[in-house]
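final_7.cif, holding mmCIF, C-alpha atoms; chains and numbers go by the auth columns:
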data_input
loop_
_atom_site.group_PDB
_atom_site.id
_atom_site.type_symbol
_atom_site.label_atom_id
_atom_site.label_comp_id
_atom_site.label_asym_id
_atom_site.label_seq_id
_atom_site.Cartn_x
_atom_site.Cartn_y
_atom_site.Cartn_z
_atom_site.B_iso_or_equiv
_atom_site.auth_seq_id
_atom_site.auth_asym_id
ATOM 1 C CA MET A 1 13.494 20.382 -7.695 0.00 1 A
ATOM 2 C CA GLU A 2 13.249 17.851 -10.504 0.00 2 A
ATOM 3 C CA ARG A 3 16.510 16.245 -9.404 0.00 3 A
ATOM 4 C CA PHE A 4 15.255 15.985 -5.820 0.00 4 A
ATOM 5 C CA PHE A 5 12.116 14.126 -6.883 0.00 5 A
ATOM 6 C CA LYS A 6 13.996 11.961 -9.364 0.00 6 A
ATOM 7 C CA TYR A 7 16.485 10.692 -6.812 0.00 7 A
ATOM 8 C CA SER A 8 14.250 10.584 -3.745 0.00 8 A
ATOM 9 C CA LEU A 9 11.539 8.630 -5.561 0.00 9 A
ATOM 10 C CA MET A 10 14.162 6.284 -7.026 0.00 10 A
ATOM 11 C CA ILE A 11 15.652 5.664 -3.573 0.00 11 A
ATOM 12 C CA LEU A 12 12.231 5.151 -1.991 0.00 12 A
ATOM 13 C CA ILE A 13 10.956 2.724 -4.619 0.00 13 A
ATOM 14 C CA SER A 14 14.236 0.785 -4.517 0.00 14 A
ATOM 15 C CA THR A 15 14.055 0.610 -0.730 0.00 15 A
ATOM 16 C CA VAL A 16 10.478 -0.664 -0.805 0.00 16 A
ATOM 17 C CA ALA A 17 11.297 -3.244 -3.494 0.00 17 A
ATOM 18 C CA ILE A 18 14.411 -4.505 -1.693 0.00 18 A
ATOM 19 C CA MET A 19 12.612 -4.758 1.648 0.00 19 A
ATOM 20 C CA GLU A 20 9.676 -6.611 0.083 0.00 20 A
ATOM 21 C CA PHE A 21 12.030 -8.955 -1.780 0.00 21 A
ATOM 22 C CA TYR A 22 13.934 -9.659 1.436 0.00 22 A
ATOM 23 C CA GLN A 23 10.688 -10.330 3.300 0.00 23 A
ATOM 24 C CA VAL A 24 9.450 -12.759 0.603 0.00 24 A
ATOM 25 C CA VAL A 25 12.762 -14.633 0.436 0.00 25 A
ATOM 26 C CA MET A 26 13.045 -14.945 4.200 0.00 26 A
ATOM 27 C CA ARG A 27 9.422 -15.912 4.758 0.00 27 A
ATOM 28 C CA TYR A 28 8.708 -18.251 1.850 0.00 28 A
ATOM 29 C CA ILE A 29 12.102 -19.710 0.972 0.00 29 A
ATOM 30 C CA PHE A 30 13.868 -19.895 4.323 0.00 30 A
ATOM 31 C CA GLU A 31 10.622 -19.938 6.364 0.00 31 A
ATOM 32 C CA ILE A 32 12.068 -17.394 8.797 0.00 32 A
ATOM 33 C CA PRO A 33 9.791 -14.451 9.577 0.00 33 A
ATOM 34 C CA VAL A 34 11.442 -11.051 9.832 0.00 34 A
ATOM 35 C CA MET A 35 9.843 -9.381 12.813 0.00 35 A
ATOM 36 C CA GLY A 36 9.097 -5.682 12.468 0.00 36 A
ATOM 37 C CA LEU A 37 9.865 -5.359 8.765 0.00 37 A
ATOM 38 C CA GLU A 38 6.246 -4.487 8.011 0.00 38 A
ATOM 39 C CA GLU A 39 6.472 -1.651 10.524 0.00 39 A
ATOM 40 C CA VAL A 40 9.595 -0.249 8.912 0.00 40 A
ATOM 41 C CA LEU A 41 8.167 -0.714 5.406 0.00 41 A
ATOM 42 C CA VAL A 42 5.288 1.646 6.158 0.00 42 A
ATOM 43 C CA TYR A 43 7.604 4.681 6.265 0.00 43 A
ATOM 44 C CA PRO A 44 9.232 4.534 2.815 0.00 44 A
ATOM 45 C CA THR A 45 5.992 3.281 1.253 0.00 45 A
ATOM 46 C CA LEU A 46 3.910 6.145 2.587 0.00 46 A
ATOM 47 C CA TRP A 47 6.525 8.732 1.647 0.00 47 A
ATOM 48 C CA LEU A 48 6.776 7.160 -1.821 0.00 48 A
ATOM 49 C CA TYR A 49 3.031 7.548 -2.375 0.00 49 A
ATOM 50 C CA ILE A 50 2.897 11.091 -1.059 0.00 50 A
ATOM 51 C CA LEU A 51 6.023 12.351 -2.845 0.00 51 A
ATOM 52 C CA GLY A 52 4.815 10.658 -6.028 0.00 52 A
ATOM 53 C CA SER A 53 1.568 12.604 -5.719 0.00 53 A
ATOM 54 C CA VAL A 54 3.450 15.823 -5.083 0.00 54 A
ATOM 55 C CA ASN A 55 5.620 15.134 -8.135 0.00 55 A
ATOM 56 C CA ALA A 56 2.512 14.554 -10.264 0.00 56 A
ATOM 57 C CA SER A 57 1.161 17.892 -9.013 0.00 57 A
ATOM 58 C CA ARG A 58 4.471 19.582 -9.766 0.00 58 A
ATOM 59 C CA GLU A 59 4.568 18.193 -13.304 0.00 59 A
ATOM 60 C CA ASP A 60 0.800 18.692 -13.738 0.00 60 A
ATOM 61 C CA THR A 61 0.494 15.059 -14.849 0.00 61 A
ATOM 62 C CA GLN A 62 -2.330 13.835 -12.613 0.00 62 A
ATOM 63 C CA ILE A 63 -4.931 11.632 -14.239 0.00 63 A
ATOM 64 C CA LYS A 64 -7.577 13.908 -15.724 0.00 64 A
ATOM 65 C CA ALA A 65 -10.775 13.404 -17.632 0.00 65 A
ATOM 66 C CA ASN A 66 -10.477 16.193 -20.174 0.00 66 A
ATOM 67 C CA VAL A 67 -13.597 15.181 -22.060 0.00 67 A
ATOM 68 C CA LEU A 68 -14.580 18.761 -22.765 0.00 68 A
ATOM 69 C CA ASP A 69 -11.357 19.335 -24.715 0.00 69 A
ATOM 70 C CA VAL A 70 -12.759 17.091 -27.440 0.00 70 A
ATOM 71 C CA PHE A 71 -15.833 19.272 -27.866 0.00 71 A
ATOM 72 C CA LEU A 72 -14.317 22.708 -27.340 0.00 72 A
ATOM 73 C CA LYS A 73 -12.864 24.259 -30.466 0.00 73 A
ATOM 74 C CA THR A 74 -11.070 27.388 -29.306 0.00 74 A
ATOM 75 C CA GLU A 75 -8.001 27.593 -27.115 0.00 75 A
ATOM 76 C CA LYS A 76 -9.737 30.229 -24.997 0.00 76 A
ATOM 77 C CA ALA A 77 -12.669 27.909 -24.197 0.00 77 A
ATOM 78 C CA LYS A 78 -10.259 25.125 -23.249 0.00 78 A
ATOM 79 C CA MET A 79 -8.353 27.521 -21.018 0.00 79 A
ATOM 80 C CA VAL A 80 -11.575 28.663 -19.290 0.00 80 A
ATOM 81 C CA VAL A 81 -12.334 25.035 -18.413 0.00 81 A
ATOM 82 C CA ARG A 82 -8.756 24.565 -17.230 0.00 82 A
ATOM 83 C CA VAL A 83 -8.933 27.630 -14.954 0.00 83 A
ATOM 84 C CA ILE A 84 -12.229 26.423 -13.475 0.00 84 A
ATOM 85 C CA ALA A 85 -10.724 22.969 -12.867 0.00 85 A
ATOM 86 C CA ASP A 86 -7.623 24.536 -11.287 0.00 86 A
ATOM 87 C CA PHE A 87 -9.816 26.698 -9.061 0.00 87 A
ATOM 88 C CA PHE A 88 -11.667 23.656 -7.745 0.00 88 A
ATOM 89 C CA SER A 89 -8.360 21.808 -7.349 0.00 89 A
ATOM 90 C CA VAL A 90 -7.110 24.595 -5.080 0.00 90 A
ATOM 91 C CA ILE A 91 -10.348 24.523 -3.074 0.00 91 A
ATOM 92 C CA VAL A 92 -10.305 20.741 -2.580 0.00 92 A
ATOM 93 C CA ALA A 93 -6.553 20.591 -1.893 0.00 93 A
ATOM 94 C CA SER A 94 -6.849 23.407 0.665 0.00 94 A
ATOM 95 C CA TRP A 95 -9.767 21.679 2.354 0.00 95 A
ATOM 96 C CA LEU A 96 -7.847 18.390 2.576 0.00 96 A
ATOM 97 C CA THR A 97 -4.776 20.258 3.821 0.00 97 A
ATOM 98 C CA TYR A 98 -6.876 21.756 6.598 0.00 98 A
ATOM 99 C CA TRP A 99 -7.979 18.267 7.654 0.00 99 A
ATOM 100 C CA ALA A 100 -4.426 16.973 7.397 0.00 100 A
ATOM 101 C CA TRP A 101 -3.294 19.860 9.606 0.00 101 A
ATOM 102 C CA ASP A 102 -5.713 18.692 12.321 0.00 102 A
ATOM 103 C CA TYR A 103 -4.363 15.165 12.036 0.00 103 A
ATOM 104 C CA PHE A 104 -0.770 16.465 12.036 0.00 104 A
ATOM 105 C CA ARG A 105 -1.404 18.299 15.310 0.00 105 A
ATOM 106 C CA TYR A 106 -3.073 15.210 16.779 0.00 106 A
ATOM 107 C CA ALA A 107 -0.156 12.957 15.748 0.00 107 A
ATOM 108 C CA LEU A 108 2.327 15.413 17.223 0.00 108 A
ATOM 109 C CA ARG A 109 0.386 15.659 20.477 0.00 109 A
ATOM 110 C CA VAL A 110 -0.205 11.917 20.932 0.00 110 A
ATOM 111 C CA TRP A 111 3.197 10.768 19.598 0.00 111 A
ATOM 112 C CA LYS A 112 2.269 7.133 19.011 0.00 112 A
ATOM 113 C CA GLU A 113 4.888 4.438 18.529 0.00 113 A
ATOM 114 C CA SER A 114 4.842 1.306 16.418 0.00 114 A
ATOM 115 C CA PRO A 115 3.944 -1.827 18.410 0.00 115 A
ATOM 116 C CA THR A 116 7.098 -3.913 17.884 0.00 116 A
ATOM 117 C CA LEU A 117 10.001 -1.568 17.235 0.00 117 A
ATOM 118 C CA TYR A 118 8.643 1.518 19.042 0.00 118 A
ATOM 119 C CA ILE A 119 9.372 3.802 16.106 0.00 119 A
ATOM 120 C CA PRO A 120 7.395 7.074 16.348 0.00 120 A
ATOM 121 C CA THR A 121 4.575 6.898 13.812 0.00 121 A
ATOM 122 C CA PHE A 122 4.614 10.678 13.501 0.00 122 A
ATOM 123 C CA TYR A 123 7.322 10.430 10.839 0.00 123 A
ATOM 124 C CA ALA A 124 4.928 8.549 8.583 0.00 124 A
ATOM 125 C CA GLU A 125 1.815 10.453 9.625 0.00 125 A
ATOM 126 C CA CYS A 126 3.282 13.882 8.878 0.00 126 A
ATOM 127 C CA ALA A 127 3.773 12.919 5.216 0.00 127 A
ATOM 128 C CA MET A 128 0.106 13.550 4.421 0.00 128 A
ATOM 129 C CA PHE A 129 0.140 17.114 5.731 0.00 129 A
ATOM 130 C CA LEU A 130 3.445 18.059 4.121 0.00 130 A
ATOM 131 C CA GLY A 131 2.430 16.480 0.835 0.00 131 A
ATOM 132 C CA LEU A 132 -0.938 18.220 0.756 0.00 132 A
ATOM 133 C CA VAL A 133 0.660 21.576 1.517 0.00 133 A
ATOM 134 C CA LEU A 134 2.928 21.132 -1.492 0.00 134 A
ATOM 135 C CA MET A 135 0.090 19.870 -3.695 0.00 135 A
ATOM 136 C CA SER A 136 -2.018 22.888 -2.708 0.00 136 A
ATOM 137 C CA LEU A 137 0.837 25.235 -3.571 0.00 137 A
ATOM 138 C CA TYR A 138 1.355 23.590 -6.963 0.00 138 A
ATOM 139 C CA ALA A 139 -2.390 23.724 -7.674 0.00 139 A
ATOM 140 C CA ALA A 140 -2.376 27.434 -6.837 0.00 140 A
ATOM 141 C CA TRP A 141 0.710 27.919 -9.018 0.00 141 A
ATOM 142 C CA TYR A 142 -1.029 26.350 -12.022 0.00 142 A
ATOM 143 C CA LEU A 143 -4.209 28.329 -11.325 0.00 143 A
ATOM 144 C CA ILE A 144 -2.234 31.578 -11.425 0.00 144 A
ATOM 145 C CA GLY A 145 -0.335 30.544 -14.565 0.00 145 A
ATOM 146 C CA ASN A 146 -3.432 29.395 -16.425 0.00 146 A
ATOM 147 C CA THR A 147 -5.364 32.502 -15.371 0.00 147 A
ATOM 148 C CA ARG A 148 -2.576 34.628 -16.844 0.00 148 A
ATOM 149 C CA LYS A 149 -2.726 32.613 -20.070 0.00 149 A
ATOM 150 C CA LEU A 150 -6.494 33.061 -20.207 0.00 150 A
ATOM 151 C CA LEU A 151 -6.170 36.814 -19.666 0.00 151 A
ATOM 152 C CA SER A 152 -3.542 37.087 -22.389 0.00 152 A
ATOM 153 C CA LEU A 153 -5.787 35.109 -24.765 0.00 153 A
ATOM 154 C CA SER A 154 -8.655 37.465 -23.906 0.00 154 A
ATOM 155 C CA ARG A 155 -6.465 40.496 -24.655 0.00 155 A
ATOM 156 C CA THR A 156 -5.385 39.103 -28.030 0.00 156 A
ATOM 157 C CA ASP A 157 -9.038 38.348 -28.904 0.00 157 A
ATOM 158 C CA GLN A 158 -10.027 41.940 -28.082 0.00 158 A
ATOM 159 C CA GLY A 159 -7.140 43.339 -30.078 0.00 159 A
ATOM 160 C CA ALA A 160 -8.042 41.302 -33.164 0.00 160 A
#

Please go through the file and, once you have read it, give me the structure as structure tokens.
Amino acid sequence: MERFFKYSLMILISTVAIMEFYQVVMRYIFEIPVMGLEEVLVYPTLWLYILGSVNASREDTQIKANVLDVFLKTEKAKMVVRVIADFFSVIVASWLTYWAWDYFRYALRVWKESPTLYIPTFYAECAMFLGLVLMSLYAAWYLIGNTRKLLSLSRTDQGA
């Protein structure tokens, strides 16, 4: 899975950078607008953002404000806070996934097309739902793992 994210994110960010560079050169140096490039650029850009978020969820490297870790002394107390945070992450991610599911169904039903090139916008719009499903699964995975760690810490405290 790590290899998939490594290469797909590298390809997506390179694609976005090359397309933007091409657009800037054509527009500002040669003064020739490239019609429809903005429409095409939406697809790799949106997938880059969503897959980057999924990768951050997979690696558990989202930006966090772990202020309580400074004040909490024991590993068990820190793990309790982590489990509570993971629980709320699962709740919020599931709620957003539910909303994204409604939008996914709407996009599939309506099947809009881009105004210039007539590319179906569904391929960009489905990224949110698929990404949130994966983020919800990773949040649940970390909740289960951290709950197990907390339970094992509780058992070792009782045994001591």

Requested in this report: Tell me which protein, DNA and RNA residues are within 10 Å of stretch 71-77 of chain A, counting all atoms listed in the file, leaving out same-chain ones fewer than 5 positions away, and put them as a list in words.
Outcome: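 Residues meeting the cut-off are Asn66, Arg82, Val83, Lys149, Leu150, Leu151, Ser152, Leu153, Ser154 and Asp157 of chain A.
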
Residues just named, written with C-alpha atoms as a PDB file, keeping the file's coordinate frame:
ATOM      1  CA  ASN A  66     -10.477  16.193 -20.174  1.00  0.00           C
ATOM      2  CA  ARG A  82      -8.756  24.565 -17.230  1.00  0.00           C
ATOM      3  CA  VAL A  83      -8.933  27.630 -14.954  1.00  0.00           C
ATOM      4  CA  LYS A 149      -2.726  32.613 -20.070  1.00  0.00           C
ATOM      5  CA  LEU A 150      -6.494  33.061 -20.207  1.00  0.00           C
ATOM      6  CA  LEU A 151      -6.170  36.814 -19.666  1.00  0.00           C
ATOM      7  CA  SER A 152      -3.542  37.087 -22.389  1.00  0.00           C
ATOM      8  CA  LEU A 153      -5.787  35.109 -24.765  1.00  0.00           C
ATOM      9  CA  SER A 154      -8.655  37.465 -23.906  1.00  0.00           C
ATOM     10  CA  ASP A 157      -9.038  38.348 -28.904  1.00  0.00           C
TER      11      ASP A 157
END

Query raised in the report: If you measure from atom CA of A:Ser89 to atom CA of A:Ala140, what distance in Å do you get, rounded to one decimal?
Result: 8.2 Å

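Interatomic distance, atom CA of A:Tyr7 against atom CA of A:Ile50: 14.8 Å.
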
May I have the centre and edge lengths, in Å to one decimal, of an axis-aligned box around the listed atoms of stretch 102-110 of chain A with 6 Å added to every side, as AutoDock Vina command-line options?
--center_x -1.7 --center_y 15.3 --center_z 16.5 --size_x 20.0 --size_y 18.8 --size_z 20.9

Query raised in the report: Any idea what's packed within 8 Å of A:Ser57, counting all atoms listed in the file, ignoring anything in its chain fewer than 4 positions away? Could you give it as a ChimeraX atom specification?
Result: /A:53,61-62,135,138-139

Query raised in the report: Quick one: residues within 12 Å of A:Phe5, all atoms listed in the file counted, chain neighbours fewer than 2 positions away excluded, as number ranges by chain?
Result: A: 1-3, 7-13, 47-48, 50-59

Query raised in the report: atom CA of A:Phe21 to atom CA of A:Tyr43: how many Å, to one decimal?
Result: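 For atom CA of A:Phe21 relative to atom CA of A:Tyr43, the distance reads 16.4 Å.
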
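Considering the residues A:Ala93, A:Leu117, A:Ala107, A:Met79 and counting only C-alpha atoms, A:Leu134 has its shortest atom-to-atom contact with A:Ala93.
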
**Report entry** Residue members of the PyMOL selection byres ((chain A and resi 27-42) around 12) in the file shown, as a PyMOL selection string
**Finding:** chain A and resi 12-26+43-49+113-125+127

Query - Contacts of A:Phe87 within 12 Å, all atoms listed in the file, excl. fewer than 3 positions in-chain, as an MDAnalysis selection string - result: chainID A and resid 80:84 90:94 136 138:147

Requested in this report: Find the residue from A:Asp86, A:Phe129, A:Arg155, A:Arg148 that sits nearest to A:Leu108; use all atoms listed in the file when measuring.
Outcome: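 Using all atoms listed in the file, the shortest distance to A:Leu108 belongs to A:Phe129.
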
**Report entry** A:Tyr106, A:Phe4, A:Phe88, A:Trp101 ranked by distance to A:Gly131, top pick (using all atoms listed in the file)
**Finding:** A:Trp101
